[in-house]
Structure formats: structure tokens, C-alpha cells
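Participant: Dropping the structure in here first, questions after.
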Amino acid sequence: MLSAIKSGFQPLGINTKQYSDTRWWLGMLLVVILAGASVALSKLQIMQTAQFSSLTIGIVLGIIVGNSVFSRIATRTDVGVDYAKSILLKAGVVLFGFRITFTQVAGVGWHGLLTDVVMLLGTFILAVQLGKRVFKLDEQTTILIGAGSSICGAAAVMATEPVIKAQAHKVSVAVATVVVFGTLSMFAYPIMFEFMGLSEHAYGIFVGSTIHEVAQVVAAGTAVSANAADTAVIEKMLRVMMLAPFLVGLSFWQSKKHANIHAQGSEHKSGITIPWFAVLFIVASGVHSLSVIPQGVTNAIVWFDNILLTIAMVALGLRTHVGAIRQAGIKPLLLAGCLFLFLTLGGFAINVGIAQLF
């Protein structure tokens, strides 16, 4: 097992030979240009009002180009595009840790921690059960939608993709569900606040533990008050930090399942591949928590991380075929809708119940 774990230690998977390949340079140039356009579009007032980040715009722009002109240049750009979709994605997940400090996490206390754990596990388990038993979806789509709904939206979907080796169109479908229901949550929660009977602090915990994307959490919290927004973001950051142990646990689960399949009539054992980029994500959070890096440098890292993730989303969009998304049908949306109801109604009940324990 030790040798299997060691063989899985490829945090970046860099192959230096590809840098001399013209297809790498042209592919990287393509995704960087499209990512730059996505960042520029995200700064438009209409996009900021709708809380559409450069990541969301990036995958849409990538899908548009990927299903039009990309097919003509795919053979000359494929190495760079695939590099961005895999290696730069992992680097982006690692740097995402610089958005979080352990002090912020401690600020919400055991109440916030328990709420996030229950919501994460409850949402993901429900996703797996509904996806496989009720909607008869394939395992990859089910896991991706479950990860996006239970942790941190598109970032969680993208981080889960290399662990389960999901196909590009399935990732795009999962991201689309996050955009749809996360946006709905962002507008619905402030309206619901008037009827919830929650304090601003309790509302912040509820928002942070149930809404999909960080940007959507900020919008829903700010719509009520600055205090609610602060609490919501901290609670959400705690939920984001759970991405690393989730990915490690998911990797062990996948390895065990594959081992059981091979065990029947075979001595072959499936090695455990640890997603080291998830471990490095926690390391990055720890370094940020020590405050050894100047704030200006940290801000630059976060900005650069957003660029990396946008590039990865563009690359993902380029590799997504609309026909495959159409073939997925309405079932992924129905699954995500059920999870949205659980996050909203069940999440409210769980938040109130846990609050009474403390």
C-alpha cells in the first residue's frame, strides 16, 4: 500500500517535454486569451449585479468556442488545453487555500463546525442515493453534483473531477446546476429572512452552510446586513476548508470500491491515490493563517488563483460538447433541484436544531 500511495504522489504531474510542443503553447495562448475576455466581461455592471464570476463566464465562453471554431484548431492546441484543464486546475485548488485562515474558521465555533459537517454529509449522501436509486444517473455525474451542492459550488466540482476522472461534459452539467440553483438561493434567501425568525448571526450561519458559491453567499448575506455577511462568509470558508478531507475520503472510497471489484477472482489490489493537491490546499491555508506573507502578496495570490481557475474553466468548456450535455437530459437538474430543497428547507431545520444544542 505504501508503494501505491507513493506512486500517487504527483501533485502537479508535470511533463517537461510538453513545453517544447507547439500544441502546448498554442493551447495555452488560446485559453489565456479566452480567460482574459472572461475576466473583462465579469467586471461589467450587469455581470456584477447578477453575481456572475469570471469562472462562470469562462465555462460558457469556452463551450461557445468549443462547439464552433475549436474543432478546426483542436489538433494544434489540444496539449495546452488539456494541461490547463488538469494541471492548472490543481494549482488553482491549492492556491484557493490562501483565502482562508484557521482563525476565521474558529470564529464560528463548534456550532458552525457541526452545522457544516451535518450539511455536507447530509447533502452528499442524499445526492448519491437520489442520483443512483431515483434518477438512475451515472456515478460521476451524481458525485459531481453532490460535491458542488454540498461544499463550494463550481470550485468543488472542478476539484472533484481529477479524483474521479470525470468526463468534461459531466463536469459542465454539474457546474450548470450550481449556477442555476445557487443563483436562485442568492435571491430567495434575503426574501425568506423576514419570515425565518432568525437573528442576523443565525441567518449568516444558515447562508454560509447552505448556499453553493462564495460569491452567492456574499450577495445573500450583504442583502440583510454587514454583520450577516461577515458571519456567512466565515461559515462558508469553513465549509470550503472541508473540501480537502472530502477529496481524500472520496479517493479512499473510490479505491476501496475498485479493490472490491478486482477482488472477485483476482489477486490484484487497487492502490490508494491521495489527491495531494487537496492536502496542499490545507497547507496553503495553514501558511496563510501564520500571517507570514504580507497582505498585499496574499491579495496578489488570490487574484492569480482566480485567473488560474478561470483558465481551467475555459479549458473545460472547450472540451465540452453540447450534444453530450443535451443527452444528459433533465435528470441532473432534477437531482440538483432536490438538493436545493434539502439545503433550503432541511438546512433551516438543521440550523435551528443545532443552534438549540449550544
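Chain labels A, B, ... are given in the sequence in which chains occur in the C-alpha cells; within each chain residues are numbered consecutively from 1, and ligands are likewise numbered from 1 in the order shown.
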Residues near stretch 32-40 of chain A, anyone? I mean within 9 Å using only C-alpha atoms, not counting same-chain ones fewer than 4 positions away, as a PyMOL selection string.
Facilitator: chain A and resi 27-28+44+53-59+61-62+307-308+310-314
Participant: Could the residues in this selection be written to a file with C-alpha atoms, as a PDB file, in the first residue's frame?
Facilitator:
```pdb
ATOM      1  CA  GLY A  27      -3.336  25.809 -26.495  1.00  0.00           C
ATOM      2  CA  MET A  28      -2.176  27.877 -23.535  1.00  0.00           C
ATOM      3  CA  LEU A  44     -19.288  44.694 -16.444  1.00  0.00           C
ATOM      4  CA  SER A  53     -17.966  35.414 -11.736  1.00  0.00           C
ATOM      5  CA  SER A  54     -15.234  35.028 -14.330  1.00  0.00           C
ATOM      6  CA  LEU A  55     -15.358  31.257 -13.672  1.00  0.00           C
ATOM      7  CA  THR A  56     -18.992  31.029 -14.752  1.00  0.00           C
ATOM      8  CA  ILE A  57     -18.422  33.259 -17.765  1.00  0.00           C
ATOM      9  CA  GLY A  58     -15.278  31.297 -18.620  1.00  0.00           C
ATOM     10  CA  ILE A  59     -17.021  27.942 -18.948  1.00  0.00           C
ATOM     11  CA  LEU A  61     -17.378  31.216 -23.318  1.00  0.00           C
ATOM     12  CA  GLY A  62     -15.359  28.002 -23.558  1.00  0.00           C
ATOM     13  CA  ILE A 307      -7.070  33.651 -13.142  1.00  0.00           C
ATOM     14  CA  LEU A 308      -5.907  30.022 -12.918  1.00  0.00           C
ATOM     15  CA  THR A 310     -10.889  30.838 -14.905  1.00  0.00           C
ATOM     16  CA  ILE A 311      -8.354  29.384 -17.359  1.00  0.00           C
ATOM     17  CA  ALA A 312      -9.258  25.880 -16.155  1.00  0.00           C
ATOM     18  CA  MET A 313     -12.964  26.591 -16.632  1.00  0.00           C
ATOM     19  CA  VAL A 314     -12.341  27.888 -20.161  1.00  0.00           C
TER      20      VAL A 314
END
```
Participant: Could you name the residues that touch stretch 112-116 of chain A at 7 Å or less, counting only C-alpha atoms, but leaving out those on the same chain fewer than 3 positions away, as a list in words?
Facilitator: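 So, after excluding close chain neighbours, the residues are Val108, Gly109, Met119, Leu120, Ile205, Ser209, Glu235, Arg239, Asn351 and Ile354 of chain A.
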Participant: Could you tell me how far atom CA of A:Val218 lies from atom CA of A:His169, in Å and to one decimal?
Facilitator: 28.5 Å
Participant: Compile the contact shell of A:Ile100 as a list in words: residues with an atom at most 9 Å away, counting only C-alpha atoms, same-chain residues fewer than 4 positions apart removed.
Facilitator: Phe96, Gln104, Val105, Ile234, Met237, Leu238, Val240, Met241, Ala284, Ser285, Gly286, His288 and Ser289 of chain A
Participant: Please produce a file of those selected residues containing N, CA and C atoms, as a tab-separated table (two decimals), in the first residue's frame.
Facilitator:
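Everything below was put into selection_22.tsv:
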```tsv
chain	number	residue	atom	x	y	z
A	96	PHE	N	-6.27	28.24	-3.65
A	96	PHE	CA	-7.56	28.63	-3.06
A	96	PHE	C	-7.46	28.67	-1.53
A	104	GLN	N	-10.30	32.50	11.22
A	104	GLN	CA	-11.64	32.75	10.70
A	104	GLN	C	-12.55	31.56	10.97
A	105	VAL	N	-12.00	30.39	10.75
A	105	VAL	CA	-12.78	29.18	10.96
A	105	VAL	C	-13.20	29.05	12.41
A	234	ILE	N	-17.51	33.62	6.79
A	234	ILE	CA	-16.67	32.79	7.66
A	234	ILE	C	-17.19	31.35	7.69
A	237	MET	N	-16.32	29.74	4.47
A	237	MET	CA	-14.91	29.40	4.39
A	237	MET	C	-14.59	28.12	5.15
A	238	LEU	N	-15.28	27.92	6.25
A	238	LEU	CA	-15.13	26.66	6.99
A	238	LEU	C	-15.60	25.49	6.13
A	240	VAL	N	-15.63	25.47	2.87
A	240	VAL	CA	-14.65	25.32	1.80
A	240	VAL	C	-13.45	24.50	2.28
A	241	MET	N	-13.03	24.74	3.52
A	241	MET	CA	-11.87	24.03	4.06
A	241	MET	C	-12.14	22.52	4.14
A	284	ALA	N	-1.61	25.42	2.35
A	284	ALA	CA	-1.71	26.83	1.96
A	284	ALA	C	-2.54	27.62	2.98
A	285	SER	N	-3.62	27.01	3.46
A	285	SER	CA	-4.45	27.66	4.49
A	285	SER	C	-3.66	27.86	5.77
A	286	GLY	N	-2.83	26.85	6.12
A	286	GLY	CA	-2.00	26.97	7.31
A	286	GLY	C	-0.98	28.08	7.20
A	288	HIS	N	-1.21	30.72	5.31
A	288	HIS	CA	-1.95	31.98	5.38
A	288	HIS	C	-2.33	32.32	6.81
A	289	SER	N	-2.64	31.30	7.60
A	289	SER	CA	-3.04	31.51	8.99
A	289	SER	C	-1.89	32.05	9.84
```
Participant: Could you please determine the separation between atom CA of A:Lys170 and atom CA of A:Lys236 in Å, to one decimal place?
Facilitator: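 Distance between the two atoms: 25.1 Å.
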